[in-house]
file work.cif (mmCIF, C-alpha atoms)
data_upload
#
loop_
_atom_site.label_atom_id
_atom_site.label_comp_id
_atom_site.auth_asym_id
_atom_site.auth_seq_id
_atom_site.Cartn_x
_atom_site.Cartn_y
_atom_site.Cartn_z
CA MET A 1 4.20 58.08 25.24
CA THR A 2 4.63 54.39 24.38
CA THR A 3 3.93 53.49 20.75
CA VAL A 4 1.50 50.60 20.25
CA SER A 5 3.55 47.80 18.71
CA TRP A 6 1.68 44.62 19.64
CA ASP A 7 -1.75 43.74 18.28
CA LEU A 8 -2.66 41.39 21.13
CA LEU A 9 -1.20 40.40 24.49
CA LEU A 10 -2.48 37.26 26.23
CA SER A 11 -1.34 37.37 29.85
CA GLY A 12 -1.67 35.04 32.83
CA VAL A 13 -1.68 31.92 30.66
CA THR A 14 -0.18 28.45 30.91
CA LEU A 15 1.97 28.03 27.80
CA ALA A 16 2.70 24.67 26.20
CA THR A 17 5.31 25.97 23.77
CA PHE A 18 6.72 22.59 22.64
CA ASP A 19 10.01 24.45 22.55
CA GLY A 20 12.95 23.90 24.90
CA GLU A 21 13.76 21.03 27.25
CA GLN A 22 10.88 21.25 29.73
CA PRO A 23 8.06 18.68 29.27
CA TYR A 24 5.60 20.23 26.80
CA GLY A 25 7.87 23.31 26.82
CA LEU A 26 5.66 24.35 29.72
CA VAL A 27 5.69 27.94 31.00
CA GLU A 28 3.34 28.56 33.91
CA ASP A 29 2.01 32.07 34.50
CA GLY A 30 3.18 33.07 31.07
CA ALA A 31 2.35 35.63 28.41
CA ILE A 32 2.38 35.76 24.64
CA ALA A 33 2.22 38.78 22.34
CA ILE A 34 1.20 38.92 18.68
CA ALA A 35 2.18 41.51 16.08
CA ASP A 36 1.63 41.42 12.31
CA GLY A 37 0.60 37.79 12.38
CA ARG A 38 3.73 36.62 14.21
CA ILE A 39 4.62 35.80 17.79
CA ALA A 40 6.37 38.96 18.99
CA TRP A 41 7.12 37.89 22.56
CA VAL A 42 6.62 34.73 24.63
CA GLY A 43 7.74 33.76 28.11
CA PRO A 44 7.03 34.10 31.84
CA ARG A 45 4.72 36.98 32.69
CA ALA A 46 7.24 38.23 35.26
CA SER A 47 9.70 38.85 32.40
CA LEU A 48 7.37 41.01 30.32
CA PRO A 49 8.69 44.48 29.43
CA HIS A 50 7.45 47.06 31.95
CA ASP A 51 5.40 48.80 29.25
CA ALA A 52 3.91 45.61 27.80
CA GLU A 53 0.29 46.54 28.36
CA SER A 54 0.63 50.10 27.09
CA ARG A 55 2.35 48.94 23.91
CA SER A 56 -0.51 46.46 23.18
CA ALA A 57 -3.62 47.36 21.20
CA ARG A 58 -5.55 44.72 23.15
CA VAL A 59 -4.79 42.89 26.40
CA GLU A 60 -6.57 39.77 27.68
CA GLN A 61 -6.01 38.35 31.16
CA LEU A 62 -6.82 34.64 30.97
CA ASP A 63 -6.51 33.37 34.54
CA GLY A 64 -4.23 30.39 33.82
CA ALA A 65 -5.93 29.14 30.65
CA LEU A 66 -3.81 26.79 28.54
CA VAL A 67 -2.37 28.12 25.26
CA THR A 68 -0.77 25.79 22.69
CA PRO A 69 0.38 26.09 19.10
CA GLY A 70 -2.41 25.73 16.57
CA MET A 71 -3.00 22.09 15.70
CA ILE A 72 -1.95 20.80 12.28
CA ASP A 73 -3.94 18.02 10.60
CA CYS A 74 -1.32 16.68 8.21
CA HIS A 75 -3.35 13.88 6.54
CA THR A 76 -6.97 14.25 5.42
CA HIS A 77 -9.24 13.33 2.50
CA LEU A 78 -11.67 16.06 3.47
CA VAL A 79 -13.18 16.83 0.05
CA PHE A 80 -15.53 14.18 -1.31
CA GLY A 81 -19.07 13.72 -2.54
CA GLY A 82 -21.74 11.94 -0.50
CA ASP A 83 -20.85 9.69 2.42
CA ARG A 84 -20.73 5.98 3.20
CA ALA A 85 -22.79 5.79 6.37
CA HIS A 86 -25.03 3.22 4.68
CA GLU A 87 -22.04 0.93 4.14
CA PHE A 88 -21.11 1.31 7.81
CA ASP A 89 -24.61 0.05 8.63
CA LEU A 90 -24.31 -2.82 6.12
CA ARG A 91 -20.96 -3.97 7.51
CA LEU A 92 -22.30 -4.07 11.04
CA ASN A 93 -25.23 -6.12 9.79
CA GLY A 94 -22.92 -8.74 8.31
CA ALA A 95 -22.10 -7.61 4.77
CA THR A 96 -18.49 -8.11 3.72
CA TYR A 97 -16.32 -5.48 2.07
CA GLU A 98 -16.28 -7.60 -1.11
CA GLU A 99 -20.08 -7.80 -1.18
CA ILE A 100 -20.38 -4.04 -0.74
CA ALA A 101 -17.80 -3.41 -3.46
CA ARG A 102 -19.55 -5.76 -5.92
CA ALA A 103 -22.74 -3.80 -5.33
CA GLY A 104 -20.99 -0.59 -6.38
CA GLY A 105 -19.95 0.54 -2.90
CA GLY A 106 -16.55 1.26 -1.41
CA ILE A 107 -14.28 3.81 -2.98
CA ALA A 108 -16.10 3.41 -6.30
CA SER A 109 -19.23 4.92 -4.76
CA THR A 110 -17.25 7.92 -3.48
CA VAL A 111 -15.63 8.40 -6.90
CA LYS A 112 -19.07 8.34 -8.54
CA ALA A 113 -20.50 10.84 -6.04
CA THR A 114 -17.47 13.13 -6.28
CA ARG A 115 -17.44 13.13 -10.06
CA GLY A 116 -21.15 13.88 -10.09
CA ALA A 117 -20.90 16.88 -7.75
CA SER A 118 -20.27 20.45 -8.85
CA GLU A 119 -17.44 22.46 -7.35
CA ASP A 120 -19.92 24.46 -5.27
CA ALA A 121 -21.61 21.29 -4.01
CA LEU A 122 -18.28 19.75 -3.01
CA PHE A 123 -17.33 22.99 -1.28
CA ALA A 124 -20.59 23.16 0.68
CA GLN A 125 -20.19 19.59 1.89
CA ALA A 126 -16.52 19.99 2.83
CA LEU A 127 -16.97 23.36 4.53
CA SER A 128 -18.85 21.95 7.53
CA ARG A 129 -16.21 19.24 7.98
CA ALA A 130 -13.35 21.72 7.77
CA ARG A 131 -15.09 24.13 10.14
CA ALA A 132 -15.49 21.35 12.72
CA LEU A 133 -11.74 20.75 12.63
CA VAL A 134 -10.94 24.45 12.91
CA ASP A 135 -13.34 24.97 15.80
CA ASP A 136 -11.56 22.12 17.58
CA GLY A 137 -8.16 23.79 17.27
CA VAL A 138 -6.81 23.14 13.75
CA THR A 139 -5.05 26.06 12.04
CA THR A 140 -3.27 24.20 9.20
CA LEU A 141 -4.94 21.49 7.18
CA GLU A 142 -3.67 19.08 4.54
CA ILE A 143 -6.26 17.95 1.98
CA LYS A 144 -5.71 15.25 -0.65
CA SER A 145 -7.38 14.68 -3.98
CA GLY A 146 -7.91 11.08 -5.10
CA TYR A 147 -11.68 10.67 -5.36
CA GLY A 148 -11.88 12.15 -8.85
CA LEU A 149 -9.30 9.99 -10.66
CA ALA A 150 -9.69 12.11 -13.81
CA LEU A 151 -8.17 15.48 -14.59
CA ASP A 152 -11.31 17.62 -14.34
CA SER A 153 -12.62 16.04 -11.14
CA GLU A 154 -9.19 16.01 -9.45
CA ARG A 155 -8.85 19.69 -10.37
CA ARG A 156 -12.27 20.37 -8.86
CA MET A 157 -11.27 18.73 -5.58
CA LEU A 158 -8.03 20.68 -5.33
CA ARG A 159 -9.76 23.98 -6.14
CA VAL A 160 -12.27 23.29 -3.37
CA ALA A 161 -9.40 22.62 -0.96
CA ARG A 162 -7.87 26.00 -1.76
CA ARG A 163 -11.26 27.71 -1.32
CA LEU A 164 -11.70 26.16 2.11
CA GLY A 165 -8.51 27.76 3.36
CA GLU A 166 -9.47 31.15 1.95
CA THR A 167 -12.97 30.98 3.41
CA LEU A 168 -12.00 29.82 6.90
CA GLY A 169 -8.84 31.92 7.21
CA VAL A 170 -6.55 28.93 7.77
CA GLN A 171 -3.78 27.49 5.62
CA VAL A 172 -4.56 24.49 3.45
CA ARG A 173 -1.80 22.38 1.92
CA THR A 174 -2.95 20.36 -1.08
CA THR A 175 -1.74 16.89 -2.02
CA PHE A 176 -2.31 15.20 -5.38
CA LEU A 177 -3.29 11.55 -4.83
CA GLY A 178 -3.87 10.36 -8.37
CA LEU A 179 -2.58 6.90 -7.43
CA HIS A 180 -5.35 6.30 -4.91
CA ALA A 181 -7.34 3.68 -6.85
CA LEU A 182 -7.98 2.64 -10.42
CA PRO A 183 -10.96 4.46 -11.91
CA PRO A 184 -13.69 2.14 -13.19
CA GLU A 185 -13.00 2.98 -16.83
CA ASP A 186 -9.36 1.88 -16.39
CA ALA A 187 -9.92 -1.23 -14.30
CA ASP A 188 -8.14 -3.35 -16.93
CA ARG A 189 -5.64 -0.68 -18.05
CA ARG A 190 -3.35 -0.07 -15.09
CA ASP A 191 -0.33 1.03 -17.07
CA ALA A 192 -2.32 3.49 -19.15
CA TYR A 193 -3.83 5.07 -16.05
CA VAL A 194 -0.48 5.38 -14.24
CA ALA A 195 1.00 6.96 -17.38
CA ARG A 196 -1.89 9.44 -17.54
CA VAL A 197 -1.37 10.39 -13.88
CA CYS A 198 2.35 10.95 -14.42
CA ASP A 199 2.35 12.54 -17.86
CA GLU A 200 -0.93 14.46 -18.01
CA MET A 201 -2.74 14.98 -14.71
CA LEU A 202 0.15 15.81 -12.37
CA PRO A 203 1.95 18.23 -14.72
CA ALA A 204 -1.27 20.05 -15.57
CA LEU A 205 -2.40 20.47 -11.97
CA ALA A 206 1.08 21.47 -10.81
CA ALA A 207 1.24 24.11 -13.54
CA GLU A 208 -2.03 25.55 -12.23
CA GLY A 209 -0.55 25.92 -8.75
CA LEU A 210 -2.95 23.40 -7.22
CA VAL A 211 -0.41 20.88 -5.89
CA ASP A 212 1.86 21.27 -2.85
CA ALA A 213 2.88 17.60 -2.58
CA VAL A 214 2.30 14.19 -4.20
CA ASP A 215 1.05 11.02 -2.50
CA ALA A 216 0.21 7.46 -3.53
CA PHE A 217 -1.46 4.38 -2.02
CA CYS A 218 1.23 1.71 -2.13
CA GLU A 219 -0.56 -1.53 -1.21
CA GLY A 220 -1.60 -4.86 -2.66
CA ILE A 221 -5.07 -3.40 -3.21
CA GLY A 222 -3.57 -0.12 -4.43
CA PHE A 223 -0.41 0.47 -6.45
CA THR A 224 2.89 -1.35 -6.64
CA PRO A 225 6.23 0.08 -5.54
CA ALA A 226 7.25 0.28 -9.22
CA GLU A 227 4.14 2.29 -10.09
CA THR A 228 4.68 4.49 -7.05
CA ARG A 229 8.28 5.11 -8.08
CA ARG A 230 7.07 6.37 -11.47
CA VAL A 231 4.87 9.04 -9.95
CA PHE A 232 7.56 9.99 -7.40
CA GLU A 233 10.11 10.47 -10.18
CA ARG A 234 7.66 12.70 -12.01
CA ALA A 235 6.92 14.68 -8.84
CA CYS A 236 10.62 15.23 -8.18
CA ALA A 237 11.15 16.39 -11.77
CA LEU A 238 8.44 18.98 -11.12
CA GLY A 239 10.05 20.07 -7.84
CA LEU A 240 7.28 18.66 -5.65
CA PRO A 241 7.83 16.81 -2.34
CA VAL A 242 6.39 13.33 -1.86
CA LYS A 243 4.68 11.36 0.88
CA LEU A 244 3.12 7.91 0.94
CA HIS A 245 0.31 5.73 2.28
CA ALA A 246 2.61 2.89 3.33
CA GLU A 247 2.50 -0.42 5.18
CA GLN A 248 -1.12 -0.12 6.31
CA LEU A 249 -2.25 -3.60 5.30
CA SER A 250 0.99 -5.30 4.27
CA ASN A 251 4.72 -4.64 4.01
CA LEU A 252 5.72 -3.59 0.49
CA GLU A 253 8.65 -1.53 1.85
CA GLY A 254 6.88 1.64 0.81
CA ALA A 255 8.37 3.52 3.76
CA ALA A 256 11.88 2.79 2.53
CA LEU A 257 10.82 3.85 -0.96
CA VAL A 258 9.49 7.25 0.13
CA ALA A 259 12.57 7.72 2.33
CA GLU A 260 14.76 7.08 -0.72
CA PHE A 261 13.12 10.14 -2.29
CA GLY A 262 13.63 12.24 0.85
CA GLY A 263 9.88 12.10 1.41
CA LEU A 264 8.07 14.26 3.92
CA SER A 265 6.19 11.38 5.53
CA ALA A 266 5.13 7.77 5.46
CA ASP A 267 1.58 7.32 6.79
CA HIS A 268 -0.32 4.45 8.54
CA LEU A 269 2.67 2.05 9.05
CA GLU A 270 1.04 -0.83 10.93
CA TYR A 271 3.23 -3.30 8.97
CA LEU A 272 6.39 -1.17 9.00
CA SER A 273 9.61 -3.23 9.17
CA ASN A 274 12.80 -2.47 11.06
CA ASP A 275 14.51 -1.71 7.75
CA GLY A 276 11.75 0.76 6.95
CA VAL A 277 12.17 2.44 10.34
CA LYS A 278 15.91 2.81 9.77
CA ALA A 279 15.40 4.23 6.29
CA MET A 280 12.94 6.79 7.63
CA ALA A 281 15.30 7.76 10.44
CA GLU A 282 18.18 8.29 8.02
CA ALA A 283 16.06 10.36 5.63
CA GLY A 284 14.27 12.41 8.30
CA THR A 285 10.91 11.16 7.04
CA VAL A 286 8.07 11.65 9.54
CA ALA A 287 5.87 8.74 10.64
CA VAL A 288 2.23 9.85 10.46
CA LEU A 289 0.01 7.72 12.71
CA LEU A 290 -3.69 7.44 11.86
CA PRO A 291 -5.61 5.96 14.80
CA GLY A 292 -9.01 6.79 13.29
CA ALA A 293 -8.59 4.25 10.48
CA PHE A 294 -7.13 1.72 12.93
CA TYR A 295 -10.24 2.14 15.08
CA VAL A 296 -12.84 2.01 12.31
CA LEU A 297 -11.25 -1.02 10.63
CA ARG A 298 -10.89 -2.72 14.03
CA GLU A 299 -7.23 -3.44 13.31
CA THR A 300 -5.13 -5.31 15.84
CA ARG A 301 -1.58 -4.88 14.52
CA LEU A 302 -0.01 -1.77 16.04
CA PRO A 303 2.53 0.47 14.32
CA PRO A 304 6.04 -0.24 15.74
CA ILE A 305 6.00 2.68 18.18
CA ALA A 306 8.97 1.48 20.25
CA ALA A 307 11.16 1.08 17.16
CA LEU A 308 10.17 4.54 15.90
CA ARG A 309 11.05 5.99 19.32
CA ASN A 310 14.35 4.15 19.51
CA GLN A 311 15.43 5.31 16.07
CA GLY A 312 14.35 8.90 16.71
CA VAL A 313 11.75 9.01 13.93
CA PRO A 314 9.42 11.99 14.50
CA MET A 315 5.83 10.82 14.99
CA ALA A 316 2.88 12.91 13.81
CA VAL A 317 -0.82 12.19 14.35
CA ALA A 318 -3.65 13.04 11.94
CA THR A 319 -7.37 12.39 11.50
CA ASP A 320 -7.20 10.73 8.04
CA CYS A 321 -10.72 12.18 7.69
CA ASN A 322 -12.36 10.24 4.84
CA PRO A 323 -15.79 8.76 4.11
CA GLY A 324 -14.84 5.09 4.23
CA THR A 325 -12.35 4.27 6.96
CA SER A 326 -11.96 7.34 9.19
CA PRO A 327 -14.95 9.72 9.35
CA LEU A 328 -13.17 11.58 12.15
CA LEU A 329 -13.73 15.32 12.64
CA SER A 330 -11.56 16.03 15.70
CA LEU A 331 -7.77 16.12 15.64
CA ARG A 332 -7.79 16.43 19.42
CA LEU A 333 -9.71 13.15 19.60
CA ALA A 334 -7.20 11.60 17.19
CA ALA A 335 -4.45 12.60 19.63
CA GLY A 336 -6.34 10.98 22.49
CA MET A 337 -6.88 7.83 20.42
CA ALA A 338 -3.15 7.72 19.66
CA CYS A 339 -2.54 7.62 23.41
CA THR A 340 -5.13 4.93 24.13
CA LEU A 341 -4.71 2.72 21.06
CA PHE A 342 -1.01 3.23 20.22
CA ARG A 343 0.28 3.97 23.75
CA LEU A 344 1.77 7.36 22.91
CA THR A 345 2.27 9.63 25.87
CA PRO A 346 0.13 12.80 25.87
CA GLU A 347 3.24 14.84 25.14
CA GLU A 348 4.14 12.63 22.17
CA ALA A 349 0.59 12.84 20.84
CA LEU A 350 0.43 16.62 21.20
CA ARG A 351 3.85 17.06 19.60
CA GLY A 352 2.39 14.84 16.90
CA VAL A 353 -0.36 17.36 16.09
CA THR A 354 1.89 20.41 16.33
CA VAL A 355 5.65 20.45 15.75
CA ASN A 356 5.93 17.01 14.09
CA ALA A 357 2.82 17.55 11.98
CA ALA A 358 4.37 20.78 10.70
CA ARG A 359 7.47 18.83 9.76
CA ALA A 360 5.31 16.25 7.94
CA LEU A 361 4.10 19.09 5.70
CA GLY A 362 7.55 20.60 5.24
CA LEU A 363 6.59 23.72 7.21
CA THR A 364 9.18 25.36 9.45
CA ASP A 365 7.30 28.50 10.51
CA ARG A 366 4.77 26.94 12.90
CA GLY A 367 4.18 24.10 15.36
CA THR A 368 5.80 25.75 18.40
CA LEU A 369 5.17 28.92 20.39
CA THR A 370 8.44 30.59 19.53
CA GLU A 371 9.22 34.23 18.86
CA GLY A 372 9.11 34.93 15.14
CA ARG A 373 6.87 31.97 14.28
CA ARG A 374 3.39 32.40 12.82
CA ALA A 375 0.88 33.35 15.49
CA ASP A 376 -1.12 30.13 15.08
CA LEU A 377 -2.35 29.28 18.57
CA VAL A 378 -5.29 27.98 20.57
CA VAL A 379 -6.65 29.13 23.93
CA TRP A 380 -8.18 26.10 25.67
CA ARG A 381 -10.70 25.57 28.42
CA ALA A 382 -8.03 23.54 30.20
CA ARG A 383 -5.11 24.06 32.58
CA HIS A 384 -2.70 21.29 31.60
CA PRO A 385 -1.81 19.92 28.15
CA ALA A 386 -2.67 16.32 29.10
CA GLU A 387 -6.32 17.36 29.41
CA LEU A 388 -6.49 17.75 25.63
CA CYS A 389 -5.94 14.00 25.23
CA TYR A 390 -7.78 13.04 28.42
CA TRP A 391 -11.21 14.49 27.61
CA ILE A 392 -13.17 12.49 25.02
CA GLY A 393 -15.26 14.97 23.05
CA GLY A 394 -16.56 18.27 24.32
CA HIS A 395 -15.74 21.81 23.23
CA LEU A 396 -12.38 22.68 24.77
CA ALA A 397 -11.13 25.28 22.28
CA ALA A 398 -12.10 28.71 23.57
CA ALA A 399 -10.35 30.70 20.81
CA VAL A 400 -8.39 29.72 17.71
CA TYR A 401 -5.97 32.17 16.06
CA CYS A 402 -4.35 31.73 12.66
CA ALA A 403 -1.61 34.24 11.80
CA GLY A 404 -2.92 36.36 14.65
CA GLN A 405 -6.53 36.44 13.43
CA ARG A 406 -9.32 34.70 15.31
CA VAL A 407 -10.82 32.03 13.06
CA SER A 408 -13.02 29.81 15.26
CA SER A 409 -16.77 30.26 14.97
CA ARG A 410 -17.65 29.07 18.48
#
call {"tool": "encode", "arguments": {"input": "work.cif", "output": "structure tokens"}}
result
Amino acid sequence: MTTVSWDLLLSGVTLATFDGEQPYGLVEDGAIAIADGRIAWVGPRASLPHDAESRSARVEQLDGALVTPGMIDCHTHLVFGGDRAHEFDLRLNGATYEEIARAGGGIASTVKATRGASEDALFAQALSRARALVDDGVTTLEIKSGYGLALDSERRMLRVARRLGETLGVQVRTTFLGLHALPPEDADRRDAYVARVCDEMLPALAAEGLVDAVDAFCEGIGFTPAETRRVFERACALGLPVKLHAEQLSNLEGAALVAEFGGLSADHLEYLSNDGVKAMAEAGTVAVLLPGAFYVLRETRLPPIAALRNQGVPMAVATDCNPGTSPLLSLRLAAGMACTLFRLTPEEALRGVTVNAARALGLTDRGTLTEGRRADLVVWRARHPAELCYWIGGHLAAAVYCAGQRVSSR
């Protein structure tokens, strides 16, 4: 009698493994088996062991349905209080960003709403956003702080991020973004605030196990390279990896700076220079493209995609979900936008939300359908990977599995 050794066998599927030399790592008429939260077997159905079905606790025949790795949203600001839909309306009725900011809008309004919300209120608001991403195929989610800008409120944001992962059954990676903006009480005390981020907030939150990585907003309207370097040095002393909002609105050579620290990623990159591309290539730093913000801000300067390709810089794609510049709740749509707006191929875009997104978070156990990897995968109402970028909207994810457990609510 054959002993049951696999928890689930999905058979008769089209596999986009993103492993191997074939485009998409495509395996037609394939099969994939899960055991103890890992991929136990993957390949052509004709190569399955003769006792595959009898050794499986559950078998599903899926008639050619597409299966991909679970999607990884490697850049979000998902936890925040309130929203800024009213400002969206004001801008389209002629108000300038400066006028909105003078009236207490912009990031200041999100900081005020976030500080004023309890942990449970922040959790309730963020849960629906996170669930929308999961139901659309996301199994790993990065969430940044940066709308609290004080120790207690930053802590509250990061605790909510951890709770979201526990509640939804997916993995959440947290990023401390203390250098996101100056809080109103420190508008005229930049150095004091940067010192507090480096010497008080970051060490305290790291000691509580709430920080997986450290980020900063290095821009003329954000923080200088020198200020960014200070927080990076502190992060490295604490053993934390770094990443950076870089070259979105101007070129301050932030990408080269984060590469100098062996950073996981540089994100946005519309104004990235050739020197920055080379530095990223040498350091292995991932370029995270954020088409949602490009779209909402109606930008016209494209990231240097050809240079990134030519230098072999891995390109990831993320939603940048945030209340001001990218209220985007579909990573699949972000992949499609990366094709249309940035001219990525569908394969590049889908690698950008799987294997390269995993790399942007420093994760080596997911992102491809490979034996031994985490069983994070999605069964789609589609037959070919390009359909995931082709369809605009709709509910294409039929089932989402994280570590072998079904997590989608649809």
call {"tool": "resolve_selection", "arguments": {"input": "work.cif", "expression": "the PyMOL selection byres ((chain A and resi 12) around 10)", "output": "PyMOL selection string"}}
result
chain A and resi 9-11+13-15+28-32+44-46+60-66
call {"tool": "write_last_selection", "arguments": {"input": "work.cif", "atoms": "C-alpha atoms", "output": "PDB file, in the coordinates of the input"}}
result
ATOM      1  CA  LEU A   9      -1.200  40.400  24.490  1.00  0.00           C
ATOM      2  CA  LEU A  10      -2.480  37.260  26.230  1.00  0.00           C
ATOM      3  CA  SER A  11      -1.340  37.370  29.850  1.00  0.00           C
ATOM      4  CA  VAL A  13      -1.680  31.920  30.660  1.00  0.00           C
ATOM      5  CA  THR A  14      -0.180  28.450  30.910  1.00  0.00           C
ATOM      6  CA  LEU A  15       1.970  28.030  27.800  1.00  0.00           C
ATOM      7  CA  GLU A  28       3.340  28.560  33.910  1.00  0.00           C
ATOM      8  CA  ASP A  29       2.010  32.070  34.500  1.00  0.00           C
ATOM      9  CA  GLY A  30       3.180  33.070  31.070  1.00  0.00           C
ATOM     10  CA  ALA A  31       2.350  35.630  28.410  1.00  0.00           C
ATOM     11  CA  ILE A  32       2.380  35.760  24.640  1.00  0.00           C
ATOM     12  CA  PRO A  44       7.030  34.100  31.840  1.00  0.00           C
ATOM     13  CA  ARG A  45       4.720  36.980  32.690  1.00  0.00           C
ATOM     14  CA  ALA A  46       7.240  38.230  35.260  1.00  0.00           C
ATOM     15  CA  GLU A  60      -6.570  39.770  27.680  1.00  0.00           C
ATOM     16  CA  GLN A  61      -6.010  38.350  31.160  1.00  0.00           C
ATOM     17  CA  LEU A  62      -6.820  34.640  30.970  1.00  0.00           C
ATOM     18  CA  ASP A  63      -6.510  33.370  34.540  1.00  0.00           C
ATOM     19  CA  GLY A  64      -4.230  30.390  33.820  1.00  0.00           C
ATOM     20  CA  ALA A  65      -5.930  29.140  30.650  1.00  0.00           C
ATOM     21  CA  LEU A  66      -3.810  26.790  28.540  1.00  0.00           C
TER      22      LEU A  66
END
call {"tool": "resolve_selection", "arguments": {"input": "work.cif", "expression": "the PyMOL selection byres ((chain A and resi 220-231) around 8)", "output": "PyMOL selection string"}}
result
chain A and resi 179-182+194+197-198+216-219+232-235+250+252-254+257
call {"tool": "atom_distance", "arguments": {"input": "work.cif", "atom1": "CA of Val138 in chain A", "atom2": "CA of Asp215 in chain A"}}
result
21.7 Å
call {"tool": "closest_residue", "arguments": {"input": "work.cif", "among": "A:Ala382, A:Ile107, A:Pro304, A:Leu205", "to": "Leu344 in chain A", "atoms": "all atoms listed in the file"}}
result
A:Pro304
call {"tool": "resolve_selection", "arguments": {"input": "work.cif", "expression": "the PyMOL selection byres ((chain A and resi 269-275) around 7)", "output": "ChimeraX atom specification"}}
result
/A:246-251,267-268,276-279,301-304
call {"tool": "residues_around", "arguments": {"input": "work.cif", "residues": "range 155-167 of chain A", "least_positions_apart": "4", "cutoff": "9 Å", "atoms": "all atoms listed in the file", "output": "VMD selection string"}}
result
chain A and resid 78 to 80 114 to 115 118 to 120 122 to 123 126 to 127 130 to 131 140 to 148 150 to 151 171 to 176 201 205 210 to 211
call {"tool": "closest_residue", "arguments": {"input": "work.cif", "among": "A:Leu396, A:Pro203, A:Gly20, A:Val407", "to": "Arg383 in chain A", "atoms": "all atoms listed in the file"}}
result
A:Leu396
call {"tool": "atom_distance", "arguments": {"input": "work.cif", "atom1": "CA of Ser109 in chain A", "atom2": "CA of Leu149 in chain A"}}
result
12.6 Å
call {"tool": "atom_distance", "arguments": {"input": "work.cif", "atom1": "CA of Met71 in chain A", "atom2": "CA of Asn322 in chain A"}}
result
18.6 Å
call {"tool": "closest_residue", "arguments": {"input": "work.cif", "among": "A:Leu240, A:Arg309, A:Val286, A:Glu185", "to": "Ala207 in chain A", "atoms": "all atoms listed in the file"}}
result
A:Leu240
call {"tool": "residues_around", "arguments": {"input": "work.cif", "residues": "Pro49 in chain A", "least_positions_apart": "6", "cutoff": "12 Å", "atoms": "only C-alpha atoms", "output": "ChimeraX atom specification"}}
result
/A:2,9,31-33,41-43,55-56
call {"tool": "write_last_selection", "arguments": {"input": "work.cif", "atoms": "C-alpha atoms", "output": "mmCIF file, keeping the file's coordinate frame"}}
result
data_model
loop_
_atom_site.group_PDB
_atom_site.id
_atom_site.type_symbol
_atom_site.label_atom_id
_atom_site.label_comp_id
_atom_site.auth_asym_id
_atom_site.auth_seq_id
_atom_site.Cartn_x
_atom_site.Cartn_y
_atom_site.Cartn_z
ATOM 1 C CA THR A 2 4.630 54.390 24.380
ATOM 2 C CA LEU A 9 -1.200 40.400 24.490
ATOM 3 C CA ALA A 31 2.350 35.630 28.410
ATOM 4 C CA ILE A 32 2.380 35.760 24.640
ATOM 5 C CA ALA A 33 2.220 38.780 22.340
ATOM 6 C CA TRP A 41 7.120 37.890 22.560
ATOM 7 C CA VAL A 42 6.620 34.730 24.630
ATOM 8 C CA GLY A 43 7.740 33.760 28.110
ATOM 9 C CA ARG A 55 2.350 48.940 23.910
ATOM 10 C CA SER A 56 -0.510 46.460 23.180
#
call {"tool": "closest_atom_pairs", "arguments": {"input": "work.cif", "of": "range 3-71 of chain A", "to": "range 350-364 of chain A", "cutoff": "12 Å", "atoms": "all atoms listed in the file", "output": "Markdown table"}}
result
| residue | atom | partner | partner_atom | distance |
| --- | --- | --- | --- | --- |
| A:Ala16 | CA | A:Leu350 | CA | 9.7 |
| A:Thr17 | CA | A:Val355 | CA | 9.7 |
| A:Phe18 | CA | A:Arg351 | CA | 6.9 |
| A:Asp19 | CA | A:Val355 | CA | 9.0 |
| A:Pro23 | CA | A:Arg351 | CA | 10.7 |
| A:Tyr24 | CA | A:Arg351 | CA | 8.1 |
| A:Gly25 | CA | A:Arg351 | CA | 10.4 |
| A:Thr68 | CA | A:Thr354 | CA | 8.7 |
| A:Pro69 | CA | A:Thr354 | CA | 6.5 |
| A:Gly70 | CA | A:Thr354 | CA | 6.8 |
| A:Met71 | CA | A:Thr354 | CA | 5.2 |
call {"tool": "write_last_selection", "arguments": {"input": "work.cif", "atoms": "C-alpha atoms", "output": "tab-separated table (two decimals), keeping the file's coordinate frame"}}
result
chain	number	residue	atom	x	y	z
A	16	ALA	CA	2.70	24.67	26.20
A	17	THR	CA	5.31	25.97	23.77
A	18	PHE	CA	6.72	22.59	22.64
A	19	ASP	CA	10.01	24.45	22.55
A	23	PRO	CA	8.06	18.68	29.27
A	24	TYR	CA	5.60	20.23	26.80
A	25	GLY	CA	7.87	23.31	26.82
A	68	THR	CA	-0.77	25.79	22.69
A	69	PRO	CA	0.38	26.09	19.10
A	70	GLY	CA	-2.41	25.73	16.57
A	71	MET	CA	-3.00	22.09	15.70
call {"tool": "closest_residue", "arguments": {"input": "work.cif", "among": "A:Ala213, A:Gly404, A:Gly324, A:Val379", "to": "Gly106 in chain A", "atoms": "all atoms listed in the file"}}
result
A:Gly324
